Amino acid sequence: MNQSLQSLLDLLDLERIEEDIFRGNSRAAVVPRVFGGQVAAQALVAAGRTVPDDRSAHSLHAYFLRPGDPGAPIVYTVDRIRDGRSFTTRRVVAVQHGQPTFHLSASFQTYEDGLEHQAPMPYAPDPETLPTAAEMLPRHAHLFRDPGTVDRLLESRAAIDLRYAAEPPYATAADGPRDPRSQVWFRTAGKLDDDPLLHVCLATYVSDMTLLDSVLLAHGRGGWTVGDVVGASLDHAMWFHRPFRADEWLLYDQESPSASGGRGLGQARIYTADGRLAISVIQEGVIRVPRA
């Protein structure tokens, strides 16, 4: 396990300061605010630690309320909404400087058999044939406004092996609009233990990294690092369908059905390498073109 992955695991290992109150810290991000995937993953950790071990997360719905301060601790307060025979519901509010910055509702379920079907896995190239971030990002350093962007991106993603199936938005913006679809393969940069909650939380962390890429592709925009749009996540929803491991290759198949009113919508499915549909994801974000 590399040091970056260990640091990420430490970040998710929240301090319990009361029965249903937890405290977490932040790590460096590409933008000067807390990375949305981090606060979502930490909130899910807080919720999961108040749930019996025989109940696994099956969905979450979250709203990003204010930009997080990466220099200050985040306090997560868990509200035990319901403990039923099969389902458990939790609400989590993240607070910094006396104000709520993030809100999450999560549901957990005991395992049971039921009807089975799924959408088929789309074609994607073998992840082992695709360039790593360390191979791809330096090739495009000239496109970024800030010369330190490449180093910050590499540092922020060192715990995750994330590989684009095609050129990312920042590399193709000059070519104009493309089909609003994007695929990435990802896995942690090292093996993890068998705790199912940990794997779900790490997938939640990664899910906020690239989901709005497809919105950018539809309009020939390179993104916040290039400077031709400004934006932030507004809300995020995930459904966990089948067991998976975050330390094994997962295909993140993403598309955008709509953008309007200064907002863009991304939706995605995450598949295991052997074709099982593991997760569905939907996210909306603010995406604005800077004024001249």
# chains A, B, ... in the order shown; residues from 1 in each chain; ligands from 1
>>> residues_around(residues="Ala246 of chain A", least_positions_apart="2", cutoff="7 Å", atoms="only C-alpha atoms", output="compact mmCIF listing (two decimals) with N, CA and C atoms, in the first residue's frame")
# COMPACT_ATOMS: atom_id res chain seq x y z
N ARG A 187 -9.36 2.07 -9.42
CA ARG A 187 -9.18 1.17 -8.28
C ARG A 187 -8.23 1.87 -7.32
N THR A 188 -8.23 1.45 -6.08
CA THR A 188 -7.29 2.03 -5.14
C THR A 188 -5.87 1.57 -5.47
N HIS A 199 -15.11 -0.16 1.30
CA HIS A 199 -15.13 -0.20 -0.16
C HIS A 199 -16.22 0.73 -0.71
N LEU A 202 -14.98 4.37 -0.31
CA LEU A 202 -13.95 4.73 -1.27
C LEU A 202 -14.54 4.93 -2.66
N ALA A 203 -15.52 4.12 -3.04
CA ALA A 203 -16.20 4.35 -4.32
C ALA A 203 -16.94 5.68 -4.30
N PHE A 244 -18.89 -5.28 -4.31
CA PHE A 244 -17.74 -4.99 -5.16
C PHE A 244 -16.55 -4.68 -4.25
N GLU A 248 -10.20 -3.42 -6.78
CA GLU A 248 -10.20 -4.11 -8.06
C GLU A 248 -10.81 -3.19 -9.11
>>> residues_around(residues="Pro122 of chain A", least_positions_apart="4", cutoff="10 Å", atoms="only C-alpha atoms", output="PyMOL selection string")
chain A and resi 183+251+253+269+271+275
>>> residues_around(residues="Met209 of chain A", least_positions_apart="3", cutoff="10 Å", atoms="only C-alpha atoms", output="number ranges by chain")
A: 35-37, 157, 162, 204-206, 212-213
>>> write_last_selection(atoms="N, CA and C atoms", output="mmCIF file, in the first residue's frame")
data_model
loop_
_atom_site.group_PDB
_atom_site.id
_atom_site.type_symbol
_atom_site.label_atom_id
_atom_site.label_comp_id
_atom_site.auth_asym_id
_atom_site.auth_seq_id
_atom_site.Cartn_x
_atom_site.Cartn_y
_atom_site.Cartn_z
ATOM 1 N N PHE A 35 -12.683 18.804 -1.086
ATOM 2 C CA PHE A 35 -13.154 17.985 -2.196
ATOM 3 C C PHE A 35 -14.476 17.327 -1.815
ATOM 4 N N GLY A 36 -15.470 17.441 -2.699
ATOM 5 C CA GLY A 36 -16.802 16.938 -2.386
ATOM 6 C C GLY A 36 -16.840 15.451 -2.110
ATOM 7 N N GLY A 37 -16.043 14.670 -2.856
ATOM 8 C CA GLY A 37 -16.020 13.238 -2.624
ATOM 9 C C GLY A 37 -15.518 12.881 -1.240
ATOM 10 N N ARG A 157 -4.747 12.575 -6.520
ATOM 11 C CA ARG A 157 -5.220 11.289 -7.018
ATOM 12 C C ARG A 157 -4.206 10.168 -6.829
ATOM 13 N N LEU A 162 -6.583 5.964 -11.560
ATOM 14 C CA LEU A 162 -7.720 6.357 -12.382
ATOM 15 C C LEU A 162 -7.242 6.564 -13.811
ATOM 16 N N THR A 204 -17.520 6.031 -3.167
ATOM 17 C CA THR A 204 -18.177 7.327 -3.019
ATOM 18 C C THR A 204 -17.174 8.456 -3.199
ATOM 19 N N TYR A 205 -16.003 8.298 -2.618
ATOM 20 C CA TYR A 205 -14.940 9.297 -2.747
ATOM 21 C C TYR A 205 -14.588 9.531 -4.218
ATOM 22 N N VAL A 206 -14.380 8.453 -4.964
ATOM 23 C CA VAL A 206 -13.958 8.571 -6.364
ATOM 24 C C VAL A 206 -15.087 9.089 -7.247
ATOM 25 N N LEU A 212 -18.970 14.948 -13.899
ATOM 26 C CA LEU A 212 -19.453 16.044 -14.736
ATOM 27 C C LEU A 212 -18.618 16.230 -16.003
ATOM 28 N N ASP A 213 -17.651 15.356 -16.247
ATOM 29 C CA ASP A 213 -16.854 15.435 -17.475
ATOM 30 C C ASP A 213 -17.731 15.386 -18.720
#
>>> atom_distance(atom1="atom CA of Gly48 of chain A", atom2="atom CA of Phe108 of chain A")
8.3 Å
>>> atom_distance(atom1="atom CA of Phe186 of chain A", atom2="atom CA of Arg139 of chain A")
20.2 Å
>>> select_by_dssp(residues="segment 130-216 of chain A", states="helix (DSSP H, G or I)", output="ChimeraX atom specification")
/A:133-143,149-156,169-175,196-207,213-216
>>> write_last_selection(atoms="N, CA and C atoms", output="short mmCIF file (atom, residue, chain, number, x, y, z; two decimals), in the first residue's frame")
data_model
loop_
_atom_site.label_atom_id
_atom_site.label_comp_id
_atom_site.auth_asym_id
_atom_site.auth_seq_id
_atom_site.Cartn_x
_atom_site.Cartn_y
_atom_site.Cartn_z
N ALA A 133 -2.38 8.35 -14.75
CA ALA A 133 -2.40 9.80 -14.58
C ALA A 133 -0.99 10.38 -14.70
N ALA A 134 -0.01 9.66 -14.15
CA ALA A 134 1.37 10.15 -14.21
C ALA A 134 1.90 10.19 -15.64
N GLU A 135 1.35 9.35 -16.51
CA GLU A 135 1.74 9.36 -17.91
C GLU A 135 0.96 10.39 -18.72
N MET A 136 -0.32 10.59 -18.39
CA MET A 136 -1.17 11.46 -19.19
C MET A 136 -1.04 12.94 -18.84
N LEU A 137 -1.11 13.28 -17.56
CA LEU A 137 -1.21 14.68 -17.16
C LEU A 137 -0.02 15.53 -17.63
N PRO A 138 1.23 15.10 -17.49
CA PRO A 138 2.34 15.95 -17.93
C PRO A 138 2.29 16.28 -19.42
N ARG A 139 1.68 15.40 -20.23
CA ARG A 139 1.58 15.66 -21.67
C ARG A 139 0.71 16.87 -21.97
N HIS A 140 -0.20 17.19 -21.03
CA HIS A 140 -1.14 18.28 -21.27
C HIS A 140 -0.90 19.47 -20.33
N ALA A 141 0.26 19.56 -19.73
CA ALA A 141 0.53 20.61 -18.75
C ALA A 141 0.37 22.00 -19.35
N HIS A 142 0.63 22.14 -20.64
CA HIS A 142 0.56 23.45 -21.29
C HIS A 142 -0.87 23.99 -21.38
N LEU A 143 -1.85 23.14 -21.16
CA LEU A 143 -3.24 23.56 -21.27
C LEU A 143 -3.77 24.21 -20.00
N THR A 149 -0.86 22.97 -11.50
CA THR A 149 -2.05 22.12 -11.54
C THR A 149 -1.70 20.65 -11.68
N VAL A 150 -0.74 20.32 -12.54
CA VAL A 150 -0.39 18.92 -12.76
C VAL A 150 0.05 18.28 -11.45
N ASP A 151 0.93 18.95 -10.73
CA ASP A 151 1.41 18.39 -9.46
C ASP A 151 0.28 18.23 -8.46
N ARG A 152 -0.63 19.20 -8.39
CA ARG A 152 -1.75 19.10 -7.45
C ARG A 152 -2.70 17.97 -7.84
N LEU A 153 -2.95 17.81 -9.14
CA LEU A 153 -3.81 16.71 -9.58
C LEU A 153 -3.18 15.36 -9.26
N LEU A 154 -1.90 15.24 -9.53
CA LEU A 154 -1.22 13.97 -9.25
C LEU A 154 -1.22 13.66 -7.76
N GLU A 155 -1.02 14.69 -6.94
CA GLU A 155 -1.02 14.49 -5.49
C GLU A 155 -2.41 14.10 -5.00
N SER A 156 -3.45 14.77 -5.51
CA SER A 156 -4.80 14.52 -5.02
C SER A 156 -5.32 13.15 -5.43
N PRO A 169 -11.71 15.86 -20.99
CA PRO A 169 -12.17 17.14 -21.55
C PRO A 169 -11.07 18.17 -21.72
N TYR A 170 -10.16 18.28 -20.76
CA TYR A 170 -9.14 19.32 -20.86
C TYR A 170 -8.21 19.12 -22.06
N ALA A 171 -8.13 17.90 -22.56
CA ALA A 171 -7.23 17.62 -23.68
C ALA A 171 -7.88 17.81 -25.04
N THR A 172 -9.22 17.89 -25.08
CA THR A 172 -9.91 17.90 -26.38
C THR A 172 -10.83 19.10 -26.55
N ALA A 173 -10.82 20.05 -25.62
CA ALA A 173 -11.75 21.18 -25.70
C ALA A 173 -11.59 21.94 -27.01
N ALA A 174 -10.36 22.07 -27.49
CA ALA A 174 -10.11 22.83 -28.71
C ALA A 174 -10.73 22.17 -29.94
N ASP A 175 -11.06 20.90 -29.84
CA ASP A 175 -11.66 20.18 -30.97
C ASP A 175 -13.17 20.39 -31.07
N PRO A 196 -16.86 -4.14 4.05
CA PRO A 196 -17.68 -3.64 2.94
C PRO A 196 -17.92 -2.14 2.99
N LEU A 197 -18.08 -1.56 4.19
CA LEU A 197 -18.33 -0.13 4.30
C LEU A 197 -17.14 0.66 3.74
N LEU A 198 -15.92 0.19 3.98
CA LEU A 198 -14.74 0.88 3.48
C LEU A 198 -14.76 0.94 1.95
N HIS A 199 -15.11 -0.16 1.30
CA HIS A 199 -15.13 -0.20 -0.16
C HIS A 199 -16.22 0.73 -0.71
N VAL A 200 -17.38 0.76 -0.06
CA VAL A 200 -18.45 1.65 -0.48
C VAL A 200 -18.03 3.11 -0.31
N CYS A 201 -17.38 3.43 0.79
CA CYS A 201 -16.97 4.82 1.04
C CYS A 201 -15.88 5.26 0.06
N LEU A 202 -14.98 4.37 -0.31
CA LEU A 202 -13.95 4.73 -1.27
C LEU A 202 -14.54 4.93 -2.66
N ALA A 203 -15.52 4.12 -3.04
CA ALA A 203 -16.20 4.35 -4.32
C ALA A 203 -16.94 5.68 -4.30
N THR A 204 -17.52 6.03 -3.17
CA THR A 204 -18.18 7.33 -3.02
C THR A 204 -17.17 8.46 -3.20
N TYR A 205 -16.00 8.30 -2.62
CA TYR A 205 -14.94 9.30 -2.75
C TYR A 205 -14.59 9.53 -4.22
N VAL A 206 -14.38 8.45 -4.96
CA VAL A 206 -13.96 8.57 -6.36
C VAL A 206 -15.09 9.09 -7.25
N SER A 207 -16.33 8.80 -6.88
CA SER A 207 -17.47 9.11 -7.76
C SER A 207 -17.62 10.59 -8.05
N ASP A 213 -17.65 15.36 -16.25
CA ASP A 213 -16.85 15.43 -17.48
C ASP A 213 -17.73 15.39 -18.72
N SER A 214 -18.76 14.54 -18.69
CA SER A 214 -19.60 14.38 -19.87
C SER A 214 -20.35 15.66 -20.22
N VAL A 215 -20.68 16.47 -19.21
CA VAL A 215 -21.31 17.77 -19.46
C VAL A 215 -20.34 18.65 -20.24
N LEU A 216 -19.09 18.66 -19.81
CA LEU A 216 -18.07 19.49 -20.47
C LEU A 216 -17.87 19.06 -21.91
#
>>> residues_around(residues="segment 39-44 of chain A", least_positions_apart="5", cutoff="9 Å", atoms="only C-alpha atoms", output="PyMOL selection string")
chain A and resi 11-14+24+26+34+49+57+60+62+64+68+74+76-78+92-94+102-106+197+200-205+208+236
>>> write_last_selection(atoms="N, CA, C and O atoms", output="compact mmCIF listing (two decimals), in the first residue's frame")
# COMPACT_ATOMS: atom_id res chain seq x y z
N LEU A 11 -7.75 9.42 6.66
CA LEU A 11 -8.71 10.52 6.54
C LEU A 11 -10.13 10.03 6.78
O LEU A 11 -10.98 10.74 7.35
N LEU A 12 -10.41 8.80 6.35
CA LEU A 12 -11.75 8.23 6.51
C LEU A 12 -11.97 7.60 7.88
O LEU A 12 -13.10 7.24 8.22
N ASP A 13 -10.92 7.46 8.66
CA ASP A 13 -11.03 6.88 10.00
C ASP A 13 -11.36 8.00 10.99
O ASP A 13 -10.51 8.53 11.70
N LEU A 14 -12.63 8.37 11.03
CA LEU A 14 -13.06 9.53 11.80
C LEU A 14 -12.88 9.32 13.30
O LEU A 14 -12.97 8.20 13.81
N GLY A 24 -13.61 14.85 11.48
CA GLY A 24 -12.65 14.48 10.45
C GLY A 24 -11.85 15.68 9.99
O GLY A 24 -12.22 16.83 10.22
N SER A 26 -9.22 17.24 6.57
CA SER A 26 -9.24 17.29 5.12
C SER A 26 -7.84 17.11 4.57
O SER A 26 -6.85 17.20 5.29
N VAL A 34 -12.78 22.04 0.26
CA VAL A 34 -12.79 20.61 0.54
C VAL A 34 -13.36 19.87 -0.67
O VAL A 34 -14.40 20.25 -1.23
N ARG A 49 -21.05 3.89 10.95
CA ARG A 49 -20.56 3.49 12.27
C ARG A 49 -21.65 3.49 13.33
O ARG A 49 -21.41 3.12 14.47
N ALA A 57 -24.79 -0.45 3.20
CA ALA A 57 -25.33 0.75 2.54
C ALA A 57 -25.90 0.37 1.19
O ALA A 57 -25.26 -0.34 0.41
N LEU A 60 -27.49 6.54 -1.02
CA LEU A 60 -27.24 7.81 -0.33
C LEU A 60 -27.74 8.94 -1.22
O LEU A 60 -27.74 8.84 -2.45
N ALA A 62 -27.35 13.29 -1.21
CA ALA A 62 -26.59 14.33 -0.51
C ALA A 62 -26.72 15.67 -1.21
O ALA A 62 -26.90 15.74 -2.43
N PHE A 64 -24.58 19.48 -1.32
CA PHE A 64 -23.45 20.31 -0.96
C PHE A 64 -23.98 21.72 -0.71
O PHE A 64 -24.49 22.37 -1.63
N GLY A 68 -16.39 23.83 1.66
CA GLY A 68 -15.71 23.44 2.89
C GLY A 68 -14.35 24.10 3.01
O GLY A 68 -13.67 24.34 2.01
N ILE A 74 -13.94 19.04 10.32
CA ILE A 74 -15.36 18.93 9.97
C ILE A 74 -16.02 18.06 11.03
O ILE A 74 -15.54 16.96 11.32
N TYR A 76 -19.27 15.86 12.09
CA TYR A 76 -20.39 15.13 11.49
C TYR A 76 -21.33 14.68 12.60
O TYR A 76 -20.93 13.90 13.48
N THR A 77 -22.56 15.15 12.55
CA THR A 77 -23.58 14.76 13.52
C THR A 77 -24.57 13.80 12.86
O THR A 77 -25.14 14.12 11.80
N VAL A 78 -24.76 12.64 13.46
CA VAL A 78 -25.62 11.59 12.89
C VAL A 78 -26.96 11.58 13.62
O VAL A 78 -27.01 11.55 14.85
N VAL A 92 -27.02 12.72 8.17
CA VAL A 92 -25.75 13.25 8.64
C VAL A 92 -25.62 14.70 8.19
O VAL A 92 -25.87 15.02 7.02
N VAL A 93 -25.24 15.58 9.11
CA VAL A 93 -24.97 16.98 8.78
C VAL A 93 -23.51 17.27 9.10
O VAL A 93 -23.04 16.98 10.21
N ALA A 94 -22.79 17.80 8.12
CA ALA A 94 -21.40 18.21 8.32
C ALA A 94 -21.37 19.70 8.64
O ALA A 94 -22.01 20.51 7.94
N PHE A 102 -22.79 20.45 4.43
CA PHE A 102 -23.13 19.26 3.66
C PHE A 102 -24.19 18.48 4.42
O PHE A 102 -24.17 18.42 5.65
N HIS A 103 -25.11 17.88 3.65
CA HIS A 103 -26.19 17.08 4.24
C HIS A 103 -26.31 15.78 3.50
O HIS A 103 -26.32 15.77 2.26
N LEU A 104 -26.39 14.67 4.23
CA LEU A 104 -26.50 13.35 3.61
C LEU A 104 -27.56 12.53 4.30
O LEU A 104 -27.67 12.53 5.53
N SER A 105 -28.36 11.83 3.49
CA SER A 105 -29.25 10.79 3.99
C SER A 105 -28.77 9.47 3.40
O SER A 105 -28.48 9.39 2.20
N ALA A 106 -28.67 8.46 4.23
CA ALA A 106 -28.20 7.15 3.77
C ALA A 106 -29.11 6.06 4.32
O ALA A 106 -29.63 6.17 5.43
N LEU A 197 -18.08 -1.56 4.19
CA LEU A 197 -18.33 -0.13 4.30
C LEU A 197 -17.14 0.66 3.74
O LEU A 197 -17.33 1.69 3.09
N VAL A 200 -17.38 0.76 -0.06
CA VAL A 200 -18.45 1.65 -0.48
C VAL A 200 -18.03 3.11 -0.31
O VAL A 200 -18.29 3.95 -1.19
N CYS A 201 -17.38 3.43 0.79
CA CYS A 201 -16.97 4.82 1.04
C CYS A 201 -15.88 5.26 0.06
O CYS A 201 -15.87 6.42 -0.38
N LEU A 202 -14.98 4.37 -0.31
CA LEU A 202 -13.95 4.73 -1.27
C LEU A 202 -14.54 4.93 -2.66
O LEU A 202 -14.12 5.83 -3.41
N ALA A 203 -15.52 4.12 -3.04
CA ALA A 203 -16.20 4.35 -4.32
C ALA A 203 -16.94 5.68 -4.30
O ALA A 203 -16.99 6.40 -5.31
N THR A 204 -17.52 6.03 -3.17
CA THR A 204 -18.18 7.33 -3.02
C THR A 204 -17.17 8.46 -3.20
O THR A 204 -17.45 9.46 -3.87
N TYR A 205 -16.00 8.30 -2.62
CA TYR A 205 -14.94 9.30 -2.75
C TYR A 205 -14.59 9.53 -4.22
O TYR A 205 -14.54 10.66 -4.70
N ASP A 208 -17.03 11.45 -7.23
CA ASP A 208 -17.14 12.90 -7.43
C ASP A 208 -16.00 13.46 -8.29
O ASP A 208 -15.97 14.65 -8.56
N HIS A 236 -25.78 14.88 -5.03
CA HIS A 236 -25.13 13.62 -5.40
C HIS A 236 -25.98 12.48 -4.86
O HIS A 236 -26.42 12.52 -3.71
>>> select_by_dssp(residues="segment 12-78 of chain A", states="strand (DSSP E)", output="PyMOL selection string")
chain A and resi 15-18+21-24+55-64+74-78
>>> residues_around(residues="Asp228 of chain A", least_positions_apart="3", cutoff="7 Å", atoms="only C-alpha atoms", output="list in words")
Arg221, Gly222, Gly223, Trp224, Val289 and Pro290 of chain A
>>> closest_residue(among="A:His241, A:Arg263, A:Arg291, A:Arg85", to="His117 of chain A", atoms="only C-alpha atoms")
A:His241
>>> atom_distance(atom1="atom CA of Ala159 of chain A", atom2="atom CA of Glu128 of chain A")
17.2 Å
